[in-house]
Amino acid sequence: MPHVEPAHLMELALGNDISSDDPGALRHIAACDRCREELSLITRVVVSARGVEESDLPAAPPERVWQHITQELSATEKTHGLSMASAESHRTRRSTNPHGRTLRYALGLLAGIAFVRWWSRGRQAP
């Protein structure tokens with residue numbers, strides 16, 4: 001059997017009920033160090049991501065940072081067609097969007113998985 005597809009490993013790590021080829025994939029993972037290690041790494045990322053709490057997220061920058069950004073945008077408003085109002089509305093929209101946190105969790109999880117895959121491939125012998 002060929003190596004287990006990364007998407008299948010992800011589904012297993014997430015604990016999702018997937019297809020009927022799980023017994024074959026599980027037998028392969030039990031016999032294949034590479035797939036077993038990749039599943040282990042992905043599982044660690046999933047467990048870490050699920051343990052993230054709101055307090056773990058980065059804090060909003062201080063107001064002085066937004067003031068500086070607004071000043072910079074104001075200085076370049078004519079050349080780039082930007083307005084301070086659009087910058088302010090973007091900042092407000094980002095901080096009050098209830099789906100933003102879920103999106104940031106998902107993006108963080110995907111970034112973590114991508115990093116683990118990149119890092120583990122660098123450690124594998126050719």
# chains A, B, ... in the order shown; residues from 1 in each chain; ligands from 1
$ select_by_dssp --residues "stretch 18-57 of chain A" --states "alpha helix (DSSP H)" --output "list in words"
Asp22, Pro23, Gly24, Ala25, Leu26, Arg27, His28, Ile29, Ala30, Ala31, Asp33, Arg34, Cys35, Arg36, Glu37, Glu38, Leu39, Ser40, Leu41, Ile42, Thr43, Arg44, Val45, Val46, Val47, Ser48, Ala49 and Arg50 of chain A
$ write_last_selection --atoms "N, CA and C atoms" --output "PDB file, in the first residue's frame"
ATOM      1  N   ASP A  22     -10.095   3.032   6.059  1.00  0.00           N
ATOM      2  CA  ASP A  22      -9.374   3.247   7.308  1.00  0.00           C
ATOM      3  C   ASP A  22      -8.615   2.015   7.785  1.00  0.00           C
ATOM      4  N   PRO A  23      -9.180   0.800   7.742  1.00  0.00           N
ATOM      5  CA  PRO A  23      -8.407  -0.347   8.226  1.00  0.00           C
ATOM      6  C   PRO A  23      -7.090  -0.518   7.471  1.00  0.00           C
ATOM      7  N   GLY A  24      -7.103  -0.357   6.157  1.00  0.00           N
ATOM      8  CA  GLY A  24      -5.867  -0.461   5.385  1.00  0.00           C
ATOM      9  C   GLY A  24      -4.905   0.648   5.728  1.00  0.00           C
ATOM     10  N   ALA A  25      -5.417   1.855   5.880  1.00  0.00           N
ATOM     11  CA  ALA A  25      -4.570   2.991   6.235  1.00  0.00           C
ATOM     12  C   ALA A  25      -3.977   2.794   7.624  1.00  0.00           C
ATOM     13  N   LEU A  26      -4.787   2.299   8.546  1.00  0.00           N
ATOM     14  CA  LEU A  26      -4.290   2.080   9.907  1.00  0.00           C
ATOM     15  C   LEU A  26      -3.236   0.983   9.951  1.00  0.00           C
ATOM     16  N   ARG A  27      -3.435  -0.066   9.146  1.00  0.00           N
ATOM     17  CA  ARG A  27      -2.404  -1.124   9.077  1.00  0.00           C
ATOM     18  C   ARG A  27      -1.108  -0.552   8.509  1.00  0.00           C
ATOM     19  N   HIS A  28      -1.236   0.275   7.479  1.00  0.00           N
ATOM     20  CA  HIS A  28      -0.040   0.872   6.880  1.00  0.00           C
ATOM     21  C   HIS A  28       0.674   1.771   7.893  1.00  0.00           C
ATOM     22  N   ILE A  29      -0.086   2.589   8.614  1.00  0.00           N
ATOM     23  CA  ILE A  29       0.516   3.490   9.601  1.00  0.00           C
ATOM     24  C   ILE A  29       1.242   2.689  10.679  1.00  0.00           C
ATOM     25  N   ALA A  30       0.665   1.554  11.071  1.00  0.00           N
ATOM     26  CA  ALA A  30       1.310   0.716  12.085  1.00  0.00           C
ATOM     27  C   ALA A  30       2.637   0.158  11.603  1.00  0.00           C
ATOM     28  N   ALA A  31       2.765  -0.058  10.296  1.00  0.00           N
ATOM     29  CA  ALA A  31       3.993  -0.647   9.752  1.00  0.00           C
ATOM     30  C   ALA A  31       4.968   0.393   9.201  1.00  0.00           C
ATOM     31  N   ASP A  33       7.080   3.777   9.510  1.00  0.00           N
ATOM     32  CA  ASP A  33       7.593   4.789  10.436  1.00  0.00           C
ATOM     33  C   ASP A  33       7.282   6.206   9.954  1.00  0.00           C
ATOM     34  N   ARG A  34       7.425   6.435   8.671  1.00  0.00           N
ATOM     35  CA  ARG A  34       7.202   7.777   8.115  1.00  0.00           C
ATOM     36  C   ARG A  34       5.760   8.235   8.348  1.00  0.00           C
ATOM     37  N   CYS A  35       4.794   7.418   7.999  1.00  0.00           N
ATOM     38  CA  CYS A  35       3.378   7.782   8.158  1.00  0.00           C
ATOM     39  C   CYS A  35       3.001   7.876   9.635  1.00  0.00           C
ATOM     40  N   ARG A  36       3.552   6.979  10.445  1.00  0.00           N
ATOM     41  CA  ARG A  36       3.255   6.996  11.878  1.00  0.00           C
ATOM     42  C   ARG A  36       3.784   8.296  12.508  1.00  0.00           C
ATOM     43  N   GLU A  37       5.001   8.694  12.112  1.00  0.00           N
ATOM     44  CA  GLU A  37       5.589   9.929  12.641  1.00  0.00           C
ATOM     45  C   GLU A  37       4.796  11.152  12.172  1.00  0.00           C
ATOM     46  N   GLU A  38       4.389  11.159  10.909  1.00  0.00           N
ATOM     47  CA  GLU A  38       3.617  12.285  10.393  1.00  0.00           C
ATOM     48  C   GLU A  38       2.270  12.386  11.106  1.00  0.00           C
ATOM     49  N   LEU A  39       1.605  11.250  11.320  1.00  0.00           N
ATOM     50  CA  LEU A  39       0.337  11.254  12.048  1.00  0.00           C
ATOM     51  C   LEU A  39       0.553  11.750  13.476  1.00  0.00           C
ATOM     52  N   SER A  40       1.633  11.343  14.092  1.00  0.00           N
ATOM     53  CA  SER A  40       1.937  11.785  15.446  1.00  0.00           C
ATOM     54  C   SER A  40       2.132  13.301  15.499  1.00  0.00           C
ATOM     55  N   LEU A  41       2.871  13.839  14.536  1.00  0.00           N
ATOM     56  CA  LEU A  41       3.109  15.281  14.506  1.00  0.00           C
ATOM     57  C   LEU A  41       1.818  16.059  14.251  1.00  0.00           C
ATOM     58  N   ILE A  42       1.019  15.593  13.309  1.00  0.00           N
ATOM     59  CA  ILE A  42      -0.248  16.271  13.015  1.00  0.00           C
ATOM     60  C   ILE A  42      -1.166  16.203  14.227  1.00  0.00           C
ATOM     61  N   THR A  43      -1.190  15.060  14.906  1.00  0.00           N
ATOM     62  CA  THR A  43      -2.028  14.914  16.102  1.00  0.00           C
ATOM     63  C   THR A  43      -1.592  15.888  17.182  1.00  0.00           C
ATOM     64  N   ARG A  44      -0.279  16.069  17.339  1.00  0.00           N
ATOM     65  CA  ARG A  44       0.226  17.028  18.331  1.00  0.00           C
ATOM     66  C   ARG A  44      -0.232  18.447  18.001  1.00  0.00           C
ATOM     67  N   VAL A  45      -0.201  18.803  16.724  1.00  0.00           N
ATOM     68  CA  VAL A  45      -0.660  20.133  16.319  1.00  0.00           C
ATOM     69  C   VAL A  45      -2.149  20.294  16.612  1.00  0.00           C
ATOM     70  N   VAL A  46      -2.935  19.273  16.282  1.00  0.00           N
ATOM     71  CA  VAL A  46      -4.384  19.332  16.519  1.00  0.00           C
ATOM     72  C   VAL A  46      -4.669  19.483  18.011  1.00  0.00           C
ATOM     73  N   VAL A  47      -4.000  18.696  18.832  1.00  0.00           N
ATOM     74  CA  VAL A  47      -4.215  18.774  20.278  1.00  0.00           C
ATOM     75  C   VAL A  47      -3.824  20.161  20.799  1.00  0.00           C
ATOM     76  N   SER A  48      -2.704  20.685  20.319  1.00  0.00           N
ATOM     77  CA  SER A  48      -2.275  22.023  20.743  1.00  0.00           C
ATOM     78  C   SER A  48      -3.276  23.077  20.303  1.00  0.00           C
ATOM     79  N   ALA A  49      -3.737  22.977  19.071  1.00  0.00           N
ATOM     80  CA  ALA A  49      -4.686  23.969  18.555  1.00  0.00           C
ATOM     81  C   ALA A  49      -5.999  23.920  19.322  1.00  0.00           C
ATOM     82  N   ARG A  50      -6.433  22.738  19.686  1.00  0.00           N
ATOM     83  CA  ARG A  50      -7.689  22.624  20.432  1.00  0.00           C
ATOM     84  C   ARG A  50      -7.551  23.166  21.850  1.00  0.00           C
TER      85      ARG A  50
END
$ residues_around --residues "stretch 54-63 of chain A" --least-positions-apart "2" --cutoff "10 Å" --atoms "only C-alpha atoms" --output "PyMOL selection string"
chain A and resi 51-52+65-69+95+101+104-105
$ write_last_selection --atoms "C-alpha atoms" --output "PDB file, in the first residue's frame"
ATOM      1  CA  GLY A  51      -6.097  23.730  23.692  1.00  0.00           C
ATOM      2  CA  VAL A  52      -5.764  27.349  22.586  1.00  0.00           C
ATOM      3  CA  VAL A  65      -0.130  52.096  17.184  1.00  0.00           C
ATOM      4  CA  TRP A  66      -3.455  52.717  15.460  1.00  0.00           C
ATOM      5  CA  GLN A  67      -2.905  56.456  15.740  1.00  0.00           C
ATOM      6  CA  HIS A  68       0.466  56.113  14.038  1.00  0.00           C
ATOM      7  CA  ILE A  69      -1.053  53.965  11.284  1.00  0.00           C
ATOM      8  CA  SER A  95     -11.833  43.458  16.365  1.00  0.00           C
ATOM      9  CA  ARG A 101     -11.476  34.313  15.991  1.00  0.00           C
ATOM     10  CA  ARG A 104      -7.624  32.869  13.083  1.00  0.00           C
ATOM     11  CA  TYR A 105      -7.743  29.503  14.879  1.00  0.00           C
TER      12      TYR A 105
END
$ closest_residue --among "A:Leu9, A:Leu14, A:Thr102, A:Pro2" --to "A:Arg117" --atoms "only C-alpha atoms"
A:Leu9
$ atom_distance --atom1 "atom CA of A:Phe115" --atom2 "atom CA of A:Ala13"
16.0 Å
